[in-house]
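Structure, as structure tokens:
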Amino acid sequence: MSQRVFVNRGGVLPRPAPVVDAADIGPGSVVEGTDWLVRSAEAVYVQRFLDSLAYRIETPTASIVVTGDTQPCDSVVALATGATALVSM
């Protein structure tokens with residue numbers, strides 16, 4: 001289906017693979033752009049087996065915190081304090 005959409009938008013098959021420039025981050029990491037900032041904090045879920053992070057995305061007009069499956073924990077509460085919205089699983 002995605003290949004059909006690609007062709008309908010003017011693409012030619014075979015569709016080239018996307019180029020991804022990724023880097024691992026951990027709790028406390030900050031990534032900045034011109035008018036946005038993303039902070040991360042630990043989200044407690046199944047530690048020892050998986051490391052989970054919550055993210056706070058800030059712009060000049062609003063901030064949103066996004067976290068997956070987590071239990072109540074001080075790190076996510078601190079990250080979400082004063083945010084415009086919290087999205088949690």
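Residue numbering restarts at 1 for every chain of the structure tokens, chains are lettered A, B, ... in their displayed order, and ligands are numbered from 1 as they appear.
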
Chain A: residues DSSP assigns to strand (DSSP E), reported as a PDB file with all heavy atoms, in the first residue's frame:
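Contents of selection14.pdb, as written:
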```pdb
ATOM      1  N   VAL A  30      19.093  16.278  26.329  1.00  0.00           N
ATOM      2  CA  VAL A  30      18.388  17.422  25.771  1.00  0.00           C
ATOM      3  C   VAL A  30      18.763  17.528  24.301  1.00  0.00           C
ATOM      4  O   VAL A  30      19.931  17.462  23.954  1.00  0.00           O
ATOM      5  CB  VAL A  30      18.772  18.729  26.501  1.00  0.00           C
ATOM      6  CG1 VAL A  30      18.096  19.928  25.851  1.00  0.00           C
ATOM      7  CG2 VAL A  30      18.424  18.653  27.979  1.00  0.00           C
ATOM      8  N   VAL A  31      17.754  17.673  23.458  1.00  0.00           N
ATOM      9  CA  VAL A  31      17.954  17.882  22.027  1.00  0.00           C
ATOM     10  C   VAL A  31      17.252  19.187  21.682  1.00  0.00           C
ATOM     11  O   VAL A  31      16.099  19.386  22.067  1.00  0.00           O
ATOM     12  CB  VAL A  31      17.373  16.716  21.196  1.00  0.00           C
ATOM     13  CG1 VAL A  31      17.588  16.946  19.720  1.00  0.00           C
ATOM     14  CG2 VAL A  31      17.971  15.389  21.626  1.00  0.00           C
ATOM     15  N   GLU A  32      17.962  20.098  20.967  1.00  0.00           N
ATOM     16  CA  GLU A  32      17.398  21.412  20.680  1.00  0.00           C
ATOM     17  C   GLU A  32      17.355  21.706  19.196  1.00  0.00           C
ATOM     18  O   GLU A  32      18.219  21.287  18.443  1.00  0.00           O
ATOM     19  CB  GLU A  32      18.241  22.505  21.335  1.00  0.00           C
ATOM     20  CG  GLU A  32      18.240  22.481  22.836  1.00  0.00           C
ATOM     21  CD  GLU A  32      19.049  23.618  23.429  1.00  0.00           C
ATOM     22  OE1 GLU A  32      18.638  24.786  23.223  1.00  0.00           O
ATOM     23  OE2 GLU A  32      20.065  23.341  24.068  1.00  0.00           O
ATOM     24  N   LEU A  37      12.624  22.293  21.984  1.00  0.00           N
ATOM     25  CA  LEU A  37      13.551  21.625  22.897  1.00  0.00           C
ATOM     26  C   LEU A  37      12.888  20.331  23.346  1.00  0.00           C
ATOM     27  O   LEU A  37      11.693  20.311  23.615  1.00  0.00           O
ATOM     28  CB  LEU A  37      13.800  22.533  24.106  1.00  0.00           C
ATOM     29  CG  LEU A  37      14.613  21.984  25.259  1.00  0.00           C
ATOM     30  CD1 LEU A  37      16.094  22.143  24.934  1.00  0.00           C
ATOM     31  CD2 LEU A  37      14.292  22.746  26.521  1.00  0.00           C
ATOM     32  N   VAL A  38      13.651  19.243  23.413  1.00  0.00           N
ATOM     33  CA  VAL A  38      13.138  17.970  23.924  1.00  0.00           C
ATOM     34  C   VAL A  38      14.025  17.533  25.079  1.00  0.00           C
ATOM     35  O   VAL A  38      15.249  17.461  24.938  1.00  0.00           O
ATOM     36  CB  VAL A  38      13.122  16.875  22.827  1.00  0.00           C
ATOM     37  CG1 VAL A  38      12.630  15.555  23.412  1.00  0.00           C
ATOM     38  CG2 VAL A  38      12.259  17.290  21.646  1.00  0.00           C
ATOM     39  N   ARG A  39      13.403  17.277  26.220  1.00  0.00           N
ATOM     40  CA  ARG A  39      14.106  16.756  27.401  1.00  0.00           C
ATOM     41  C   ARG A  39      13.630  15.326  27.641  1.00  0.00           C
ATOM     42  O   ARG A  39      12.508  14.981  27.301  1.00  0.00           O
ATOM     43  CB  ARG A  39      13.783  17.586  28.637  1.00  0.00           C
ATOM     44  CG  ARG A  39      14.134  19.033  28.545  1.00  0.00           C
ATOM     45  CD  ARG A  39      13.691  19.758  29.832  1.00  0.00           C
ATOM     46  NE  ARG A  39      13.778  21.183  29.687  1.00  0.00           N
ATOM     47  CZ  ARG A  39      14.887  21.879  29.829  1.00  0.00           C
ATOM     48  NH1 ARG A  39      15.999  21.267  30.130  1.00  0.00           N
ATOM     49  NH2 ARG A  39      14.889  23.180  29.680  1.00  0.00           N
ATOM     50  N   SER A  40      14.475  14.535  28.278  1.00  0.00           N
ATOM     51  CA  SER A  40      14.073  13.161  28.581  1.00  0.00           C
ATOM     52  C   SER A  40      14.279  12.867  30.058  1.00  0.00           C
ATOM     53  O   SER A  40      15.108  13.478  30.721  1.00  0.00           O
ATOM     54  CB  SER A  40      14.870  12.164  27.731  1.00  0.00           C
ATOM     55  OG  SER A  40      16.238  12.252  28.053  1.00  0.00           O
ATOM     56  N   ALA A  41      13.498  11.919  30.553  1.00  0.00           N
ATOM     57  CA  ALA A  41      13.621  11.467  31.942  1.00  0.00           C
ATOM     58  C   ALA A  41      13.259   9.988  31.991  1.00  0.00           C
ATOM     59  O   ALA A  41      12.534   9.479  31.129  1.00  0.00           O
ATOM     60  CB  ALA A  41      12.691  12.265  32.854  1.00  0.00           C
ATOM     61  N   GLU A  42      13.747   9.329  33.006  1.00  0.00           N
ATOM     62  CA  GLU A  42      13.433   7.906  33.178  1.00  0.00           C
ATOM     63  C   GLU A  42      11.950   7.727  33.474  1.00  0.00           C
ATOM     64  O   GLU A  42      11.367   8.460  34.264  1.00  0.00           O
ATOM     65  CB  GLU A  42      14.250   7.324  34.327  1.00  0.00           C
ATOM     66  CG  GLU A  42      13.975   5.855  34.575  1.00  0.00           C
ATOM     67  CD  GLU A  42      14.754   5.297  35.746  1.00  0.00           C
ATOM     68  OE1 GLU A  42      14.940   6.016  36.745  1.00  0.00           O
ATOM     69  OE2 GLU A  42      15.159   4.131  35.656  1.00  0.00           O
ATOM     70  N   LEU A  53      11.910   5.742  28.644  1.00  0.00           N
ATOM     71  CA  LEU A  53      12.055   7.189  28.763  1.00  0.00           C
ATOM     72  C   LEU A  53      10.727   7.886  28.520  1.00  0.00           C
ATOM     73  O   LEU A  53       9.883   7.414  27.767  1.00  0.00           O
ATOM     74  CB  LEU A  53      13.070   7.714  27.738  1.00  0.00           C
ATOM     75  CG  LEU A  53      14.524   7.296  27.915  1.00  0.00           C
ATOM     76  CD1 LEU A  53      15.363   7.840  26.765  1.00  0.00           C
ATOM     77  CD2 LEU A  53      15.064   7.783  29.244  1.00  0.00           C
ATOM     78  N   ALA A  54      10.562   9.021  29.175  1.00  0.00           N
ATOM     79  CA  ALA A  54       9.475   9.952  28.892  1.00  0.00           C
ATOM     80  C   ALA A  54      10.125  11.178  28.265  1.00  0.00           C
ATOM     81  O   ALA A  54      11.300  11.460  28.496  1.00  0.00           O
ATOM     82  CB  ALA A  54       8.748  10.337  30.181  1.00  0.00           C
ATOM     83  N   TYR A  55       9.351  11.901  27.458  1.00  0.00           N
ATOM     84  CA  TYR A  55       9.893  13.049  26.744  1.00  0.00           C
ATOM     85  C   TYR A  55       9.029  14.280  26.986  1.00  0.00           C
ATOM     86  O   TYR A  55       7.804  14.185  27.021  1.00  0.00           O
ATOM     87  CB  TYR A  55       9.939  12.778  25.237  1.00  0.00           C
ATOM     88  CG  TYR A  55      10.747  11.568  24.900  1.00  0.00           C
ATOM     89  CD1 TYR A  55      10.132  10.336  24.724  1.00  0.00           C
ATOM     90  CD2 TYR A  55      12.127  11.638  24.784  1.00  0.00           C
ATOM     91  CE1 TYR A  55      10.871   9.203  24.433  1.00  0.00           C
ATOM     92  CE2 TYR A  55      12.881  10.506  24.490  1.00  0.00           C
ATOM     93  CZ  TYR A  55      12.239   9.298  24.316  1.00  0.00           C
ATOM     94  OH  TYR A  55      12.973   8.174  24.029  1.00  0.00           O
ATOM     95  N   ARG A  56       9.678  15.431  27.133  1.00  0.00           N
ATOM     96  CA  ARG A  56       8.985  16.722  27.223  1.00  0.00           C
ATOM     97  C   ARG A  56       9.405  17.543  26.019  1.00  0.00           C
ATOM     98  O   ARG A  56      10.590  17.828  25.832  1.00  0.00           O
ATOM     99  CB  ARG A  56       9.339  17.455  28.501  1.00  0.00           C
ATOM    100  CG  ARG A  56       8.601  18.786  28.636  1.00  0.00           C
ATOM    101  CD  ARG A  56       8.942  19.493  29.923  1.00  0.00           C
ATOM    102  NE  ARG A  56       8.253  20.760  30.021  1.00  0.00           N
ATOM    103  CZ  ARG A  56       7.506  21.121  31.043  1.00  0.00           C
ATOM    104  NH1 ARG A  56       7.346  20.302  32.063  1.00  0.00           N
ATOM    105  NH2 ARG A  56       6.927  22.305  31.045  1.00  0.00           N
ATOM    106  N   ILE A  57       8.425  17.884  25.190  1.00  0.00           N
ATOM    107  CA  ILE A  57       8.667  18.673  23.990  1.00  0.00           C
ATOM    108  C   ILE A  57       8.188  20.086  24.292  1.00  0.00           C
ATOM    109  O   ILE A  57       7.017  20.298  24.639  1.00  0.00           O
ATOM    110  CB  ILE A  57       7.905  18.086  22.784  1.00  0.00           C
ATOM    111  CG1 ILE A  57       8.323  16.618  22.598  1.00  0.00           C
ATOM    112  CG2 ILE A  57       8.151  18.905  21.530  1.00  0.00           C
ATOM    113  CD1 ILE A  57       7.239  15.717  22.122  1.00  0.00           C
ATOM    114  N   GLU A  58       9.104  21.052  24.178  1.00  0.00           N
ATOM    115  CA  GLU A  58       8.774  22.432  24.512  1.00  0.00           C
ATOM    116  C   GLU A  58       8.932  23.333  23.291  1.00  0.00           C
ATOM    117  O   GLU A  58       9.891  23.186  22.532  1.00  0.00           O
ATOM    118  CB  GLU A  58       9.695  22.941  25.621  1.00  0.00           C
ATOM    119  CG  GLU A  58       9.606  22.144  26.903  1.00  0.00           C
ATOM    120  CD  GLU A  58      10.570  22.638  27.977  1.00  0.00           C
ATOM    121  OE1 GLU A  58      11.001  23.805  27.908  1.00  0.00           O
ATOM    122  OE2 GLU A  58      10.890  21.846  28.869  1.00  0.00           O
ATOM    123  N   SER A  63       3.990  23.146  25.851  1.00  0.00           N
ATOM    124  CA  SER A  63       4.852  21.993  26.142  1.00  0.00           C
ATOM    125  C   SER A  63       3.972  20.767  26.333  1.00  0.00           C
ATOM    126  O   SER A  63       2.870  20.861  26.865  1.00  0.00           O
ATOM    127  CB  SER A  63       5.704  22.240  27.387  1.00  0.00           C
ATOM    128  OG  SER A  63       4.877  22.488  28.502  1.00  0.00           O
ATOM    129  N   ILE A  64       4.478  19.628  25.893  1.00  0.00           N
ATOM    130  CA  ILE A  64       3.737  18.380  26.039  1.00  0.00           C
ATOM    131  C   ILE A  64       4.701  17.305  26.529  1.00  0.00           C
ATOM    132  O   ILE A  64       5.849  17.252  26.095  1.00  0.00           O
ATOM    133  CB  ILE A  64       3.050  17.958  24.719  1.00  0.00           C
ATOM    134  CG1 ILE A  64       2.195  16.709  24.930  1.00  0.00           C
ATOM    135  CG2 ILE A  64       4.058  17.754  23.614  1.00  0.00           C
ATOM    136  CD1 ILE A  64       1.293  16.393  23.768  1.00  0.00           C
ATOM    137  N   VAL A  65       4.252  16.495  27.457  1.00  0.00           N
ATOM    138  CA  VAL A  65       5.036  15.372  27.960  1.00  0.00           C
ATOM    139  C   VAL A  65       4.391  14.091  27.439  1.00  0.00           C
ATOM    140  O   VAL A  65       3.177  13.928  27.523  1.00  0.00           O
ATOM    141  CB  VAL A  65       5.107  15.373  29.498  1.00  0.00           C
ATOM    142  CG1 VAL A  65       5.802  14.133  30.014  1.00  0.00           C
ATOM    143  CG2 VAL A  65       5.820  16.632  29.980  1.00  0.00           C
ATOM    144  N   VAL A  66       5.214  13.209  26.895  1.00  0.00           N
ATOM    145  CA  VAL A  66       4.741  11.950  26.333  1.00  0.00           C
ATOM    146  C   VAL A  66       5.476  10.814  27.020  1.00  0.00           C
ATOM    147  O   VAL A  66       6.707  10.809  27.095  1.00  0.00           O
ATOM    148  CB  VAL A  66       5.005  11.895  24.805  1.00  0.00           C
ATOM    149  CG1 VAL A  66       4.524  10.577  24.236  1.00  0.00           C
ATOM    150  CG2 VAL A  66       4.368  13.072  24.098  1.00  0.00           C
ATOM    151  N   THR A  67       4.714   9.866  27.537  1.00  0.00           N
ATOM    152  CA  THR A  67       5.317   8.698  28.158  1.00  0.00           C
ATOM    153  C   THR A  67       4.509   7.463  27.780  1.00  0.00           C
ATOM    154  O   THR A  67       3.306   7.544  27.548  1.00  0.00           O
ATOM    155  CB  THR A  67       5.403   8.840  29.691  1.00  0.00           C
ATOM    156  OG1 THR A  67       6.072   7.700  30.233  1.00  0.00           O
ATOM    157  CG2 THR A  67       4.052   8.976  30.338  1.00  0.00           C
ATOM    158  N   ALA A  85       0.287  19.803  28.504  1.00  0.00           N
ATOM    159  CA  ALA A  85      -0.459  18.539  28.408  1.00  0.00           C
ATOM    160  C   ALA A  85       0.455  17.363  28.719  1.00  0.00           C
ATOM    161  O   ALA A  85       1.669  17.435  28.544  1.00  0.00           O
ATOM    162  CB  ALA A  85      -1.042  18.364  27.008  1.00  0.00           C
ATOM    163  N   LEU A  86      -0.152  16.283  29.187  1.00  0.00           N
ATOM    164  CA  LEU A  86       0.546  15.021  29.436  1.00  0.00           C
ATOM    165  C   LEU A  86      -0.196  13.936  28.684  1.00  0.00           C
ATOM    166  O   LEU A  86      -1.414  13.789  28.821  1.00  0.00           O
ATOM    167  CB  LEU A  86       0.556  14.689  30.940  1.00  0.00           C
ATOM    168  CG  LEU A  86       0.993  13.282  31.336  1.00  0.00           C
ATOM    169  CD1 LEU A  86       2.457  13.042  30.972  1.00  0.00           C
ATOM    170  CD2 LEU A  86       0.748  13.032  32.817  1.00  0.00           C
ATOM    171  N   VAL A  87       0.536  13.177  27.866  1.00  0.00           N
ATOM    172  CA  VAL A  87      -0.026  12.034  27.166  1.00  0.00           C
ATOM    173  C   VAL A  87       0.648  10.808  27.745  1.00  0.00           C
ATOM    174  O   VAL A  87       1.865  10.656  27.663  1.00  0.00           O
ATOM    175  CB  VAL A  87       0.224  12.128  25.644  1.00  0.00           C
ATOM    176  CG1 VAL A  87      -0.318  10.881  24.946  1.00  0.00           C
ATOM    177  CG2 VAL A  87      -0.376  13.388  25.067  1.00  0.00           C
ATOM    178  N   SER A  88      -0.145   9.936  28.357  1.00  0.00           N
ATOM    179  CA  SER A  88       0.396   8.748  29.017  1.00  0.00           C
ATOM    180  C   SER A  88      -0.435   7.549  28.656  1.00  0.00           C
ATOM    181  O   SER A  88      -1.657   7.631  28.529  1.00  0.00           O
ATOM    182  CB  SER A  88       0.385   8.953  30.533  1.00  0.00           C
ATOM    183  OG  SER A  88       0.923   7.845  31.184  1.00  0.00           O
TER     184      SER A  88
END
```

Leu13 (chain A) surroundings by only C-alpha atoms, 12 Å radius, close-in-sequence under 4 positions cut, as a PyMOL selection string: chain A and resi 2-9+17

All heavy atoms of the current selection, written as a CSV table (one decimal), in the first residue's frame:
```csv
chain,number,residue,atom,x,y,z
A,2,SER,N,1.9,1.3,0.8
A,2,SER,CA,2.8,2.5,0.9
A,2,SER,C,3.5,2.7,-0.5
A,2,SER,O,3.7,3.8,-0.9
A,2,SER,CB,3.8,2.4,2.0
A,2,SER,OG,4.7,1.4,1.8
A,3,GLN,N,3.8,1.6,-1.2
A,3,GLN,CA,4.4,1.8,-2.5
A,3,GLN,C,3.5,2.4,-3.5
A,3,GLN,O,3.8,3.3,-4.3
A,3,GLN,CB,4.9,0.4,-3.0
A,3,GLN,CG,6.1,0.0,-2.2
A,3,GLN,CD,6.7,-1.3,-2.8
A,3,GLN,OE1,6.4,-1.8,-3.9
A,3,GLN,NE2,7.7,-1.9,-2.0
A,4,ARG,N,2.2,2.0,-3.4
A,4,ARG,CA,1.2,2.6,-4.3
A,4,ARG,C,1.0,4.1,-4.0
A,4,ARG,O,1.0,5.0,-4.9
A,4,ARG,CB,-0.2,2.0,-4.1
A,4,ARG,CG,-1.2,2.5,-5.1
A,4,ARG,CD,-2.5,1.8,-5.0
A,4,ARG,NE,-2.4,0.3,-5.1
A,4,ARG,CZ,-3.2,-0.6,-4.7
A,4,ARG,NH1,-4.3,-0.2,-4.0
A,4,ARG,NH2,-3.0,-1.8,-4.8
A,5,VAL,N,1.0,4.5,-2.7
A,5,VAL,CA,1.0,5.9,-2.4
A,5,VAL,C,2.2,6.7,-2.9
A,5,VAL,O,2.1,7.8,-3.4
A,5,VAL,CB,0.8,6.1,-0.8
A,5,VAL,CG1,0.9,7.6,-0.4
A,5,VAL,CG2,-0.5,5.5,-0.4
A,6,PHE,N,3.4,6.0,-2.7
A,6,PHE,CA,4.6,6.6,-3.2
A,6,PHE,C,4.6,6.9,-4.7
A,6,PHE,O,4.9,8.0,-5.2
A,6,PHE,CB,5.8,5.6,-2.9
A,6,PHE,CG,7.1,6.1,-3.4
A,6,PHE,CD1,7.8,7.2,-2.8
A,6,PHE,CD2,7.7,5.4,-4.4
A,6,PHE,CE1,9.0,7.5,-3.3
A,6,PHE,CE2,9.0,5.8,-4.9
A,6,PHE,CZ,9.6,6.8,-4.3
A,7,VAL,N,4.1,5.9,-5.5
A,7,VAL,CA,4.0,6.1,-6.9
A,7,VAL,C,2.9,7.2,-7.3
A,7,VAL,O,3.1,8.0,-8.1
A,7,VAL,CB,3.6,4.8,-7.6
A,7,VAL,CG1,3.2,5.0,-9.1
A,7,VAL,CG2,4.8,3.8,-7.5
A,8,ASN,N,1.8,7.2,-6.5
A,8,ASN,CA,0.7,8.2,-6.8
A,8,ASN,C,1.2,9.6,-6.5
A,8,ASN,O,0.7,10.5,-7.1
A,8,ASN,CB,-0.5,7.9,-5.9
A,8,ASN,CG,-1.3,6.7,-6.4
A,8,ASN,OD1,-1.1,6.2,-7.5
A,8,ASN,ND2,-2.1,6.2,-5.5
A,9,ARG,N,2.2,9.7,-5.7
A,9,ARG,CA,2.8,11.1,-5.4
A,9,ARG,C,3.9,11.4,-6.3
A,9,ARG,O,4.6,12.4,-6.1
A,9,ARG,CB,3.3,11.1,-3.9
A,9,ARG,CG,2.2,11.0,-2.9
A,9,ARG,CD,2.7,11.1,-1.5
A,9,ARG,NE,1.7,11.1,-0.5
A,9,ARG,CZ,1.8,10.8,0.7
A,9,ARG,NH1,3.0,10.6,1.2
A,9,ARG,NH2,0.8,10.9,1.6
A,17,ALA,N,15.4,3.3,0.2
A,17,ALA,CA,15.3,3.1,1.7
A,17,ALA,C,15.5,4.5,2.3
A,17,ALA,O,16.3,5.3,1.8
A,17,ALA,CB,16.3,2.1,2.2
```

Distance in Å - CA of Val77 (chain A) versus CA of Ala62 (chain A):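 Between these atoms lies a distance of 17.4 Å.
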
Which of chain A DSSP labels helix (DSSP H, G or I), written as an MDAnalysis selection string: chainID A and resid 2:8 74:80

Store the residues of this selection in a file with N, CA, C and O atoms, as a short mmCIF file (atom, residue, chain, number, x, y, z; two decimals), in the first residue's frame.
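This went into part09.cif:
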```cif
data_model
loop_
_atom_site.label_atom_id
_atom_site.label_comp_id
_atom_site.auth_asym_id
_atom_site.auth_seq_id
_atom_site.Cartn_x
_atom_site.Cartn_y
_atom_site.Cartn_z
N SER A 2 1.93 1.29 0.82
CA SER A 2 2.76 2.49 0.87
C SER A 2 3.48 2.71 -0.46
O SER A 2 3.72 3.84 -0.85
N GLN A 3 3.79 1.62 -1.18
CA GLN A 3 4.43 1.79 -2.48
C GLN A 3 3.45 2.42 -3.47
O GLN A 3 3.85 3.25 -4.30
N ARG A 4 2.19 2.05 -3.40
CA ARG A 4 1.18 2.64 -4.29
C ARG A 4 1.05 4.15 -4.01
O ARG A 4 0.98 4.96 -4.93
N VAL A 5 1.03 4.52 -2.74
CA VAL A 5 0.96 5.94 -2.37
C VAL A 5 2.20 6.66 -2.88
O VAL A 5 2.12 7.77 -3.42
N PHE A 6 3.37 6.04 -2.73
CA PHE A 6 4.63 6.62 -3.20
C PHE A 6 4.56 6.90 -4.71
O PHE A 6 4.90 7.99 -5.17
N VAL A 7 4.08 5.94 -5.49
CA VAL A 7 3.96 6.11 -6.94
C VAL A 7 2.91 7.18 -7.26
O VAL A 7 3.12 8.03 -8.13
N ASN A 8 1.78 7.17 -6.54
CA ASN A 8 0.74 8.17 -6.77
C ASN A 8 1.23 9.59 -6.52
O ASN A 8 0.72 10.54 -7.10
N ASP A 74 8.55 9.72 40.45
CA ASP A 74 8.95 11.12 40.65
C ASP A 74 9.57 11.73 39.40
O ASP A 74 9.38 12.92 39.13
N SER A 75 10.31 10.94 38.62
CA SER A 75 10.98 11.50 37.45
C SER A 75 9.99 11.99 36.39
O SER A 75 10.17 13.05 35.80
N VAL A 76 8.89 11.26 36.18
CA VAL A 76 7.88 11.69 35.21
C VAL A 76 7.07 12.85 35.78
O VAL A 76 6.74 13.80 35.06
N VAL A 77 6.76 12.82 37.07
CA VAL A 77 6.05 13.93 37.71
C VAL A 77 6.86 15.22 37.56
O VAL A 77 6.33 16.26 37.17
N ALA A 78 8.17 15.15 37.82
CA ALA A 78 9.02 16.33 37.70
C ALA A 78 9.05 16.83 36.26
O ALA A 78 8.99 18.03 35.99
N LEU A 79 9.17 15.90 35.29
CA LEU A 79 9.20 16.29 33.88
C LEU A 79 7.90 16.94 33.45
O LEU A 79 7.90 17.88 32.64
N ALA A 80 6.77 16.47 33.98
CA ALA A 80 5.46 16.97 33.55
C ALA A 80 5.00 18.21 34.30
O ALA A 80 4.04 18.87 33.87
#
```

For Pro27 (chain A), the nearest of the candidates A:Ala43, A:Arg48, A:Gly82, A:Arg15, counting only C-alpha atoms: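 That would be A:Ala43, the residue with the smallest distance to Pro27 (chain A).
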
Polymer residues at most 8 Å from Tyr45 (chain A), only C-alpha atoms, same-chain spacing of 5 or more positions, as a PDB file with N, CA, C and O atoms, in the first residue's frame:
```pdb
ATOM      1  N   LEU A  50      14.230  -3.538  30.547  1.00  0.00           N
ATOM      2  CA  LEU A  50      14.118  -2.490  29.528  1.00  0.00           C
ATOM      3  C   LEU A  50      14.279  -1.126  30.180  1.00  0.00           C
ATOM      4  O   LEU A  50      13.793  -0.908  31.287  1.00  0.00           O
ATOM      5  N   ASP A  51      14.952  -0.221  29.500  1.00  0.00           N
ATOM      6  CA  ASP A  51      15.024   1.170  29.951  1.00  0.00           C
ATOM      7  C   ASP A  51      13.930   1.938  29.234  1.00  0.00           C
ATOM      8  O   ASP A  51      13.797   1.859  28.015  1.00  0.00           O
ATOM      9  N   SER A  52      13.126   2.686  29.976  1.00  0.00           N
ATOM     10  CA  SER A  52      12.027   3.450  29.402  1.00  0.00           C
ATOM     11  C   SER A  52      12.261   4.932  29.633  1.00  0.00           C
ATOM     12  O   SER A  52      12.743   5.332  30.698  1.00  0.00           O
ATOM     13  N   ASP A  69       3.950   3.206  28.717  1.00  0.00           N
ATOM     14  CA  ASP A  69       3.486   2.484  29.888  1.00  0.00           C
ATOM     15  C   ASP A  69       4.472   2.715  31.031  1.00  0.00           C
ATOM     16  O   ASP A  69       5.652   2.404  30.910  1.00  0.00           O
ATOM     17  N   THR A  70       4.018   3.284  32.127  1.00  0.00           N
ATOM     18  CA  THR A  70       4.872   3.566  33.275  1.00  0.00           C
ATOM     19  C   THR A  70       4.040   3.510  34.546  1.00  0.00           C
ATOM     20  O   THR A  70       2.813   3.591  34.497  1.00  0.00           O
ATOM     21  N   GLN A  71       4.707   3.354  35.644  1.00  0.00           N
ATOM     22  CA  GLN A  71       4.020   3.469  36.925  1.00  0.00           C
ATOM     23  C   GLN A  71       4.242   4.883  37.442  1.00  0.00           C
ATOM     24  O   GLN A  71       5.112   5.590  36.934  1.00  0.00           O
TER      25      GLN A  71
END
```

Pick from A:Ala22, A:Pro60, A:Gln47, A:Val12, whichever lies nearest to Thr34 (chain A) using only C-alpha atoms: A:Pro60

Among the residues A:Phe49, A:Thr59, A:Gly11, A:Gly26, the one that comes closest to Thr84 (chain A) [using only C-alpha atoms]: A:Thr59
